[in-house]
file target-v7.cif (mmCIF, C-alpha atoms and all ligand atoms)
data_upload
#
loop_
_atom_site.label_atom_id
_atom_site.label_comp_id
_atom_site.auth_asym_id
_atom_site.auth_seq_id
_atom_site.Cartn_x
_atom_site.Cartn_y
_atom_site.Cartn_z
CA MET A 1 0.00 0.00 0.00
CA HIS A 2 1.28 3.48 -0.85
CA PRO A 3 1.85 5.60 2.26
CA LYS A 4 -0.44 8.61 2.43
CA ILE A 5 1.47 11.86 2.96
CA LEU A 6 -0.04 15.27 3.62
CA ILE A 7 2.07 18.32 2.72
CA ILE A 8 1.43 21.60 4.53
CA PRO A 9 3.33 24.80 3.72
CA GLY A 10 3.49 27.13 6.72
CA SER A 11 3.06 30.30 4.67
CA ASN A 12 0.15 31.85 2.78
CA ARG A 13 2.34 34.55 1.21
CA SER A 14 1.93 34.95 -2.54
CA GLY A 15 5.16 33.65 -4.06
CA SER A 16 6.01 31.77 -0.84
CA PHE A 17 9.34 29.91 -0.99
CA ASN A 18 7.92 27.31 1.38
CA ALA A 19 4.98 26.76 -0.96
CA SER A 20 7.58 26.19 -3.70
CA LEU A 21 9.38 23.69 -1.47
CA ALA A 22 6.04 21.99 -0.75
CA ALA A 23 5.40 21.69 -4.49
CA ALA A 24 8.88 20.19 -5.06
CA ALA A 25 8.36 17.79 -2.12
CA SER A 26 5.02 16.79 -3.57
CA VAL A 27 6.63 15.84 -6.90
CA GLU A 28 9.47 13.96 -5.17
CA LEU A 29 7.19 12.03 -2.78
CA ALA A 30 4.91 11.00 -5.67
CA ARG A 31 7.97 9.97 -7.72
CA GLN A 32 9.03 7.73 -4.82
CA GLY A 33 5.58 6.10 -4.68
CA ALA A 34 3.66 8.03 -2.02
CA ASP A 35 0.00 8.96 -2.28
CA VAL A 36 0.30 12.74 -1.82
CA THR A 37 -2.13 15.45 -0.75
CA ARG A 38 -0.89 19.05 -0.73
CA ILE A 39 -2.94 21.78 0.90
CA SER A 40 -2.69 25.50 1.57
CA LEU A 41 -3.63 26.94 4.95
CA ILE A 42 -5.24 29.83 3.05
CA ASP A 43 -8.18 27.44 2.56
CA TYR A 44 -8.43 26.80 6.33
CA PRO A 45 -8.47 30.19 8.07
CA LEU A 46 -8.45 29.93 11.86
CA PRO A 47 -8.89 32.42 14.70
CA LEU A 48 -6.03 32.80 17.16
CA VAL A 49 -6.08 29.85 19.50
CA ASP A 50 -8.23 30.76 22.48
CA GLU A 51 -9.44 28.43 25.22
CA ASP A 52 -12.43 30.67 26.06
CA LEU A 53 -13.49 30.53 22.41
CA LYS A 54 -13.08 26.75 22.47
CA GLU A 55 -15.22 26.61 25.64
CA ARG A 56 -17.93 28.80 24.08
CA SER A 57 -18.01 27.52 20.50
CA GLY A 58 -15.97 24.32 20.39
CA ILE A 59 -13.11 23.58 18.01
CA PRO A 60 -13.44 25.68 14.81
CA ASP A 61 -14.70 23.76 11.75
CA ASN A 62 -11.47 24.36 9.84
CA ALA A 63 -9.39 22.92 12.69
CA MET A 64 -11.65 19.86 12.73
CA LYS A 65 -11.23 19.50 8.94
CA LEU A 66 -7.46 19.73 9.31
CA GLY A 67 -7.46 17.29 12.23
CA ARG A 68 -9.48 14.71 10.29
CA MET A 69 -7.23 15.15 7.26
CA ILE A 70 -4.03 14.78 9.32
CA ALA A 71 -5.40 11.67 11.04
CA ALA A 72 -6.30 10.16 7.65
CA HIS A 73 -2.64 10.35 6.52
CA ASP A 74 0.35 8.28 7.64
CA GLY A 75 2.80 11.15 7.46
CA VAL A 76 2.96 14.93 7.22
CA PHE A 77 5.59 17.06 5.48
CA LEU A 78 5.72 20.56 6.98
CA CYS A 79 7.44 23.34 5.04
CA CYS A 80 8.29 26.00 7.59
CA PRO A 81 9.34 29.61 7.17
CA GLU A 82 11.68 30.90 9.90
CA TYR A 83 10.45 33.97 11.76
CA ASN A 84 12.98 35.49 14.18
CA SER A 85 14.77 32.15 14.38
CA SER A 86 11.59 30.30 15.24
CA ILE A 87 8.22 28.94 14.17
CA PRO A 88 5.83 31.32 12.32
CA PRO A 89 2.45 32.05 13.98
CA LEU A 90 0.36 30.68 11.08
CA LEU A 91 1.92 27.25 11.54
CA LYS A 92 2.01 27.30 15.35
CA ASN A 93 -1.64 28.38 15.53
CA MET A 94 -2.71 25.53 13.26
CA ILE A 95 -0.63 23.00 15.25
CA ASP A 96 -2.10 24.29 18.53
CA TRP A 97 -5.74 24.16 17.39
CA VAL A 98 -5.31 20.62 16.07
CA SER A 99 -3.64 19.61 19.35
CA LEU A 100 -6.76 20.71 21.25
CA ILE A 101 -8.98 18.21 19.41
CA SER A 102 -9.84 15.19 21.52
CA ARG A 103 -13.06 13.93 19.93
CA ASP A 104 -14.84 13.87 16.60
CA GLY A 105 -18.47 13.37 17.54
CA ASP A 106 -18.55 10.27 19.70
CA ARG A 107 -15.16 9.00 18.53
CA PRO A 108 -11.79 9.89 20.09
CA LEU A 109 -9.52 11.87 17.76
CA LYS A 110 -5.91 12.77 18.56
CA ALA A 111 -4.83 13.85 15.10
CA TRP A 112 -1.11 14.34 15.71
CA GLN A 113 -0.63 11.19 17.77
CA GLY A 114 1.62 8.69 16.01
CA ARG A 115 1.94 10.61 12.72
CA TYR A 116 5.39 10.62 11.14
CA VAL A 117 6.53 14.15 10.34
CA ALA A 118 9.25 15.45 8.01
CA LEU A 119 10.45 19.03 8.15
CA GLY A 120 11.57 21.39 5.42
CA SER A 121 12.38 25.08 5.44
CA ALA A 122 13.10 27.69 2.82
CA SER A 123 14.51 31.16 3.31
CA ASN A 124 16.38 33.61 1.19
CA GLY A 125 18.78 34.01 4.10
CA LYS A 126 22.00 32.06 4.38
CA PHE A 127 20.83 30.00 7.38
CA ALA A 128 18.12 28.50 5.13
CA GLY A 129 15.52 28.58 7.93
CA ILE A 130 17.37 25.84 9.80
CA ARG A 131 17.21 27.61 13.19
CA GLY A 132 13.41 27.66 13.08
CA LEU A 133 13.31 23.90 12.52
CA TYR A 134 14.83 23.24 15.97
CA HIS A 135 11.72 24.83 17.45
CA VAL A 136 9.30 23.13 15.05
CA ARG A 137 10.92 19.78 15.83
CA SER A 138 10.47 20.31 19.55
CA VAL A 139 6.83 21.42 19.19
CA MET A 140 5.96 18.47 16.96
CA ALA A 141 7.57 15.99 19.37
CA ASN A 142 5.51 17.50 22.18
CA VAL A 143 2.20 17.06 20.33
CA GLY A 144 2.93 13.36 19.92
CA THR A 145 4.31 13.01 16.40
CA GLN A 146 7.45 11.12 15.42
CA VAL A 147 9.73 13.64 13.71
CA ILE A 148 12.23 11.97 11.40
CA SER A 149 15.91 13.01 11.57
CA GLU A 150 16.30 13.88 7.91
CA GLN A 151 15.21 17.36 6.90
CA CYS A 152 15.63 19.71 3.97
CA SER A 153 16.58 23.37 4.26
CA VAL A 154 16.75 25.58 1.19
CA GLY A 155 18.90 28.72 1.42
CA GLY A 156 19.02 31.51 -1.16
CA ALA A 157 15.44 30.50 -1.88
CA ALA A 158 14.69 33.36 -4.29
CA SER A 159 16.90 31.70 -6.89
CA ALA A 160 16.84 28.07 -5.66
CA PHE A 161 14.04 26.79 -7.93
CA ASP A 162 14.10 26.55 -11.73
CA GLU A 163 11.11 27.50 -13.87
CA ASP A 164 9.72 23.97 -13.56
CA GLY A 165 9.85 24.19 -9.75
CA ASN A 166 12.83 21.85 -9.37
CA LEU A 167 15.63 22.58 -6.91
CA LYS A 168 18.61 23.71 -8.98
CA ASP A 169 21.33 22.73 -6.51
CA GLU A 170 22.14 19.01 -6.64
CA ARG A 171 23.03 18.78 -2.93
CA THR A 172 19.77 20.42 -1.85
CA ALA A 173 17.75 18.26 -4.24
CA GLY A 174 19.50 15.22 -2.70
CA MET A 175 18.54 16.44 0.78
CA LEU A 176 14.89 16.65 -0.31
CA ALA A 177 15.02 13.19 -1.92
CA ASN A 178 16.55 11.68 1.26
CA THR A 179 13.98 13.33 3.50
CA CYS A 180 11.14 12.02 1.32
CA LYS A 181 12.72 8.55 1.21
CA SER A 182 12.99 8.37 4.99
CA LEU A 183 9.43 9.64 5.55
CA ILE A 184 8.06 7.02 3.14
CA ALA A 185 10.18 4.28 4.77
CA HIS A 186 8.93 5.15 8.28
CA CYS A 187 5.29 5.26 7.14
CA THR A 188 5.63 1.98 5.22
CA LEU A 189 7.17 0.26 8.24
CA MET A 190 4.37 1.53 10.48
CA ASN A 191 1.73 0.22 8.04
CA SER A 192 3.37 -3.21 7.91
CA ARG A 193 3.23 -3.71 11.70
C1 LIG B 1 8.46 38.52 11.31
C2 LIG B 1 9.47 37.91 10.37
C3 LIG B 1 10.64 37.42 10.89
C4 LIG B 1 11.58 36.81 10.04
N1 LIG B 1 12.70 36.24 10.59
C5 LIG B 1 13.52 35.52 9.79
C6 LIG B 1 14.59 34.75 10.34
O1 LIG B 1 14.82 34.70 11.53
N2 LIG B 1 15.38 34.06 9.49
C7 LIG B 1 15.17 34.05 8.14
O2 LIG B 1 15.90 33.38 7.43
N3 LIG B 1 14.16 34.76 7.58
C8 LIG B 1 13.34 35.50 8.37
N4 LIG B 1 12.29 36.19 7.84
C9 LIG B 1 12.16 36.24 6.38
C10 LIG B 1 11.41 35.02 5.88
O3 LIG B 1 12.30 33.95 5.79
C11 LIG B 1 10.85 35.37 4.51
O4 LIG B 1 9.82 36.30 4.67
C12 LIG B 1 10.39 34.14 3.79
O5 LIG B 1 10.11 34.51 2.47
C13 LIG B 1 9.17 33.53 4.47
O6 LIG B 1 8.80 32.31 3.88
P1 LIG B 1 7.78 32.25 2.64
O7 LIG B 1 8.53 32.74 1.44
O8 LIG B 1 7.42 30.81 2.53
O9 LIG B 1 6.61 33.13 2.94
C14 LIG B 1 11.34 36.78 8.65
C15 LIG B 1 10.14 37.31 8.13
C16 LIG B 1 9.22 37.85 8.98
C17 LIG B 1 7.91 38.36 8.42
#

call {"tool": "encode", "arguments": {"input": "target-v7.cif", "output": "structure tokens", "more": "lines below"}}
Ligand SMILES: Cc1cc2nc3c(=O)[nH]c(=O)nc-3n(C[C@H](O)[C@H](O)[C@H](O)COP(=O)(O)O)c2cc1C
result
Amino acid sequence: MHPKILIIPGSNRSGSFNASLAAAASVELARQGADVTRISLIDYPLPLVDEDLKERSGIPDNAMKLGRMIAAHDGVFLCCPEYNSSIPPLLKNMIDWVSLISRDGDRPLKAWQGRYVALGSASNGKFAGIRGLYHVRSVMANVGTQVISEQCSVGGAASAFDEDGNLKDERTAGMLANTCKSLIAHCTLMNSR
């Protein structure tokens, strides 16, 4: 069975480098045999996480949709911008809302629990967004996912992709291919147990 992988870019910016990385990851994962779904958080707007709001109105519909979608996949590939060396609010807010879900109707739902997660980052800066990934890795471990060691960081992102969306630099393309390979291997192993 092909592992099901969900790809989520952590930026809604027009021309987002992390959306470009998500597109390249999508092609690579499919090439390696995964069943890929790629979304944009622009289609799932969420209020700022707020426990009073949750108490009054429950989990927002878009968080429930994301939670169900995450739970229906074996693995998640997050493409993360780095904001002030850390995780951007769009991504953190989505992760937090999904972490607050405990039920879907009368069924338990812990969407992050047990998912394999791969991390990527893209930045035009020379650190390639790598400092932010330390924080994303820690957050994702704390919500119960298994974050794989391999990751892909793209520096000089404004000129890193060719007109077909491929990574121009061989080493960086290899890093993406290895990250995808490991994510697929972990998901396949989990499915075979
Ligand atoms: C509030 C803020 C803080 C940022 N801090 C960093 C940073 O620490 N390191 C970095 O490489 N880029 C930083 N940037 C620049 C982002 O990497 C850049 O905006 C990038 O294009 C965001 O990803 P995107 O293209 O996917 O939207 C920051 C941008 C913003 C808005």

call {"tool": "residues_around", "arguments": {"input": "target-v7.cif", "residues": "A:Arg31", "least_positions_apart": "2", "cutoff": "12 Å", "atoms": "all atoms listed in the file", "output": "list in words"}}
result
His2, Ala24, Ala25, Ser26, Val27, Glu28, Leu29, Gly33, Ala34, Asp35, Val36, Ala177, Cys180, Lys181 and Ile184 of chain A

call {"tool": "residues_around", "arguments": {"input": "target-v7.cif", "residues": "A:Tyr44", "least_positions_apart": "2", "cutoff": "8 Å", "atoms": "all atoms listed in the file", "output": "list in words"}}
result
Ser40, Leu41, Ile42, Leu46, Asn62, Ala63 and Leu66 of chain A

call {"tool": "atom_distance", "arguments": {"input": "target-v7.cif", "atom1": "atom CA of A:Gly120", "atom2": "atom CA of A:Leu6"}}
result
13.2 Å

call {"tool": "atom_distance", "arguments": {"input": "target-v7.cif", "atom1": "atom CA of A:Cys152", "atom2": "atom CA of A:Thr172"}}
result
7.2 Å

call {"tool": "closest_residue", "arguments": {"input": "target-v7.cif", "among": "A:Arg13, A:Arg103, A:His73, A:Arg137", "to": "A:Gly58", "atoms": "only C-alpha atoms"}}
result
A:Arg103

call {"tool": "residues_around", "arguments": {"input": "target-v7.cif", "residues": "A:Leu48", "least_positions_apart": "6", "cutoff": "10 Å", "atoms": "all atoms listed in the file", "output": "list in words"}}
result
Pro89, Leu90, Lys92, Asn93, Met94, Asp96 and Trp97 of chain A

call {"tool": "build_atoms", "arguments": {"input": "target-v7.cif", "residues": "stretch 20-51 of chain A", "atoms": "N, CA and C atoms", "output": "mmCIF file, in the frame of the given file"}}
result
data_model
loop_
_atom_site.group_PDB
_atom_site.id
_atom_site.type_symbol
_atom_site.label_atom_id
_atom_site.label_comp_id
_atom_site.auth_asym_id
_atom_site.auth_seq_id
_atom_site.Cartn_x
_atom_site.Cartn_y
_atom_site.Cartn_z
ATOM 1 N N SER A 20 6.775 26.778 -2.612
ATOM 2 C CA SER A 20 7.580 26.190 -3.700
ATOM 3 C C SER A 20 8.240 24.894 -3.239
ATOM 4 N N LEU A 21 8.762 24.915 -2.003
ATOM 5 C CA LEU A 21 9.380 23.690 -1.470
ATOM 6 C C LEU A 21 8.330 22.590 -1.327
ATOM 7 N N ALA A 22 7.127 22.971 -0.885
ATOM 8 C CA ALA A 22 6.040 21.990 -0.750
ATOM 9 C C ALA A 22 5.700 21.369 -2.107
ATOM 10 N N ALA A 23 5.704 22.200 -3.143
ATOM 11 C CA ALA A 23 5.400 21.690 -4.490
ATOM 12 C C ALA A 23 6.498 20.715 -4.940
ATOM 13 N N ALA A 24 7.762 21.070 -4.673
ATOM 14 C CA ALA A 24 8.880 20.190 -5.060
ATOM 15 C C ALA A 24 8.821 18.886 -4.247
ATOM 16 N N ALA A 25 8.473 18.992 -2.961
ATOM 17 C CA ALA A 25 8.360 17.790 -2.120
ATOM 18 C C ALA A 25 7.232 16.890 -2.614
ATOM 19 N N SER A 26 6.169 17.522 -3.068
ATOM 20 C CA SER A 26 5.020 16.790 -3.570
ATOM 21 C C SER A 26 5.416 15.932 -4.792
ATOM 22 N N VAL A 27 6.157 16.554 -5.695
ATOM 23 C CA VAL A 27 6.630 15.840 -6.900
ATOM 24 C C VAL A 27 7.556 14.687 -6.494
ATOM 25 N N GLU A 28 8.496 14.968 -5.577
ATOM 26 C CA GLU A 28 9.470 13.960 -5.170
ATOM 27 C C GLU A 28 8.809 12.793 -4.438
ATOM 28 N N LEU A 29 7.879 13.102 -3.529
ATOM 29 C CA LEU A 29 7.190 12.030 -2.780
ATOM 30 C C LEU A 29 6.382 11.154 -3.740
ATOM 31 N N ALA A 30 5.709 11.778 -4.697
ATOM 32 C CA ALA A 30 4.910 11.000 -5.670
ATOM 33 C C ALA A 30 5.848 10.142 -6.528
ATOM 34 N N ARG A 31 6.992 10.728 -6.909
ATOM 35 C CA ARG A 31 7.970 9.970 -7.720
ATOM 36 C C ARG A 31 8.461 8.735 -6.965
ATOM 37 N N GLN A 32 8.561 8.859 -5.640
ATOM 38 C CA GLN A 32 9.030 7.730 -4.820
ATOM 39 C C GLN A 32 7.874 6.814 -4.383
ATOM 40 N N GLY A 33 6.679 7.064 -4.885
ATOM 41 C CA GLY A 33 5.580 6.100 -4.680
ATOM 42 C C GLY A 33 4.567 6.456 -3.619
ATOM 43 N N ALA A 34 4.642 7.661 -3.048
ATOM 44 C CA ALA A 34 3.660 8.030 -2.020
ATOM 45 C C ALA A 34 2.364 8.524 -2.667
ATOM 46 N N ASP A 35 1.298 8.416 -1.890
ATOM 47 C CA ASP A 35 0.000 8.960 -2.280
ATOM 48 C C ASP A 35 -0.080 10.341 -1.586
ATOM 49 N N VAL A 36 0.029 11.409 -2.387
ATOM 50 C CA VAL A 36 0.300 12.740 -1.820
ATOM 51 C C VAL A 36 -0.925 13.658 -1.875
ATOM 52 N N THR A 37 -1.151 14.363 -0.774
ATOM 53 C CA THR A 37 -2.130 15.450 -0.750
ATOM 54 C C THR A 37 -1.390 16.708 -0.327
ATOM 55 N N ARG A 38 -1.536 17.781 -1.099
ATOM 56 C CA ARG A 38 -0.890 19.050 -0.730
ATOM 57 C C ARG A 38 -1.970 20.102 -0.524
ATOM 58 N N ILE A 39 -1.929 20.765 0.624
ATOM 59 C CA ILE A 39 -2.940 21.780 0.900
ATOM 60 C C ILE A 39 -2.289 23.143 1.111
ATOM 61 N N SER A 40 -3.143 24.169 1.178
ATOM 62 C CA SER A 40 -2.690 25.500 1.570
ATOM 63 C C SER A 40 -3.533 25.926 2.758
ATOM 64 N N LEU A 41 -2.879 26.495 3.763
ATOM 65 C CA LEU A 41 -3.630 26.940 4.950
ATOM 66 C C LEU A 41 -4.512 28.145 4.640
ATOM 67 N N ILE A 42 -4.353 28.729 3.454
ATOM 68 C CA ILE A 42 -5.240 29.830 3.050
ATOM 69 C C ILE A 42 -6.686 29.323 2.948
ATOM 70 N N ASP A 43 -6.833 28.034 2.686
ATOM 71 C CA ASP A 43 -8.180 27.440 2.560
ATOM 72 C C ASP A 43 -8.764 27.041 3.910
ATOM 73 N N TYR A 44 -7.974 27.201 4.990
ATOM 74 C CA TYR A 44 -8.430 26.800 6.330
ATOM 75 C C TYR A 44 -8.154 27.916 7.336
ATOM 76 N N PRO A 45 -8.751 29.094 7.123
ATOM 77 C CA PRO A 45 -8.470 30.190 8.070
ATOM 78 C C PRO A 45 -8.940 29.832 9.476
ATOM 79 N N LEU A 46 -8.150 30.247 10.459
ATOM 80 C CA LEU A 46 -8.450 29.930 11.860
ATOM 81 C C LEU A 46 -8.306 31.179 12.718
ATOM 82 N N PRO A 47 -9.132 31.339 13.737
ATOM 83 C CA PRO A 47 -8.890 32.420 14.700
ATOM 84 C C PRO A 47 -7.652 32.086 15.522
ATOM 85 N N LEU A 48 -7.126 33.088 16.233
ATOM 86 C CA LEU A 48 -6.030 32.800 17.160
ATOM 87 C C LEU A 48 -6.513 31.813 18.216
ATOM 88 N N VAL A 49 -5.671 30.871 18.542
ATOM 89 C CA VAL A 49 -6.080 29.850 19.500
ATOM 90 C C VAL A 49 -6.488 30.526 20.815
ATOM 91 N N ASP A 50 -7.604 30.061 21.362
ATOM 92 C CA ASP A 50 -8.230 30.760 22.480
ATOM 93 C C ASP A 50 -9.091 29.749 23.229
ATOM 94 N N GLU A 51 -8.714 29.454 24.465
ATOM 95 C CA GLU A 51 -9.440 28.430 25.220
ATOM 96 C C GLU A 51 -10.861 28.863 25.592
#
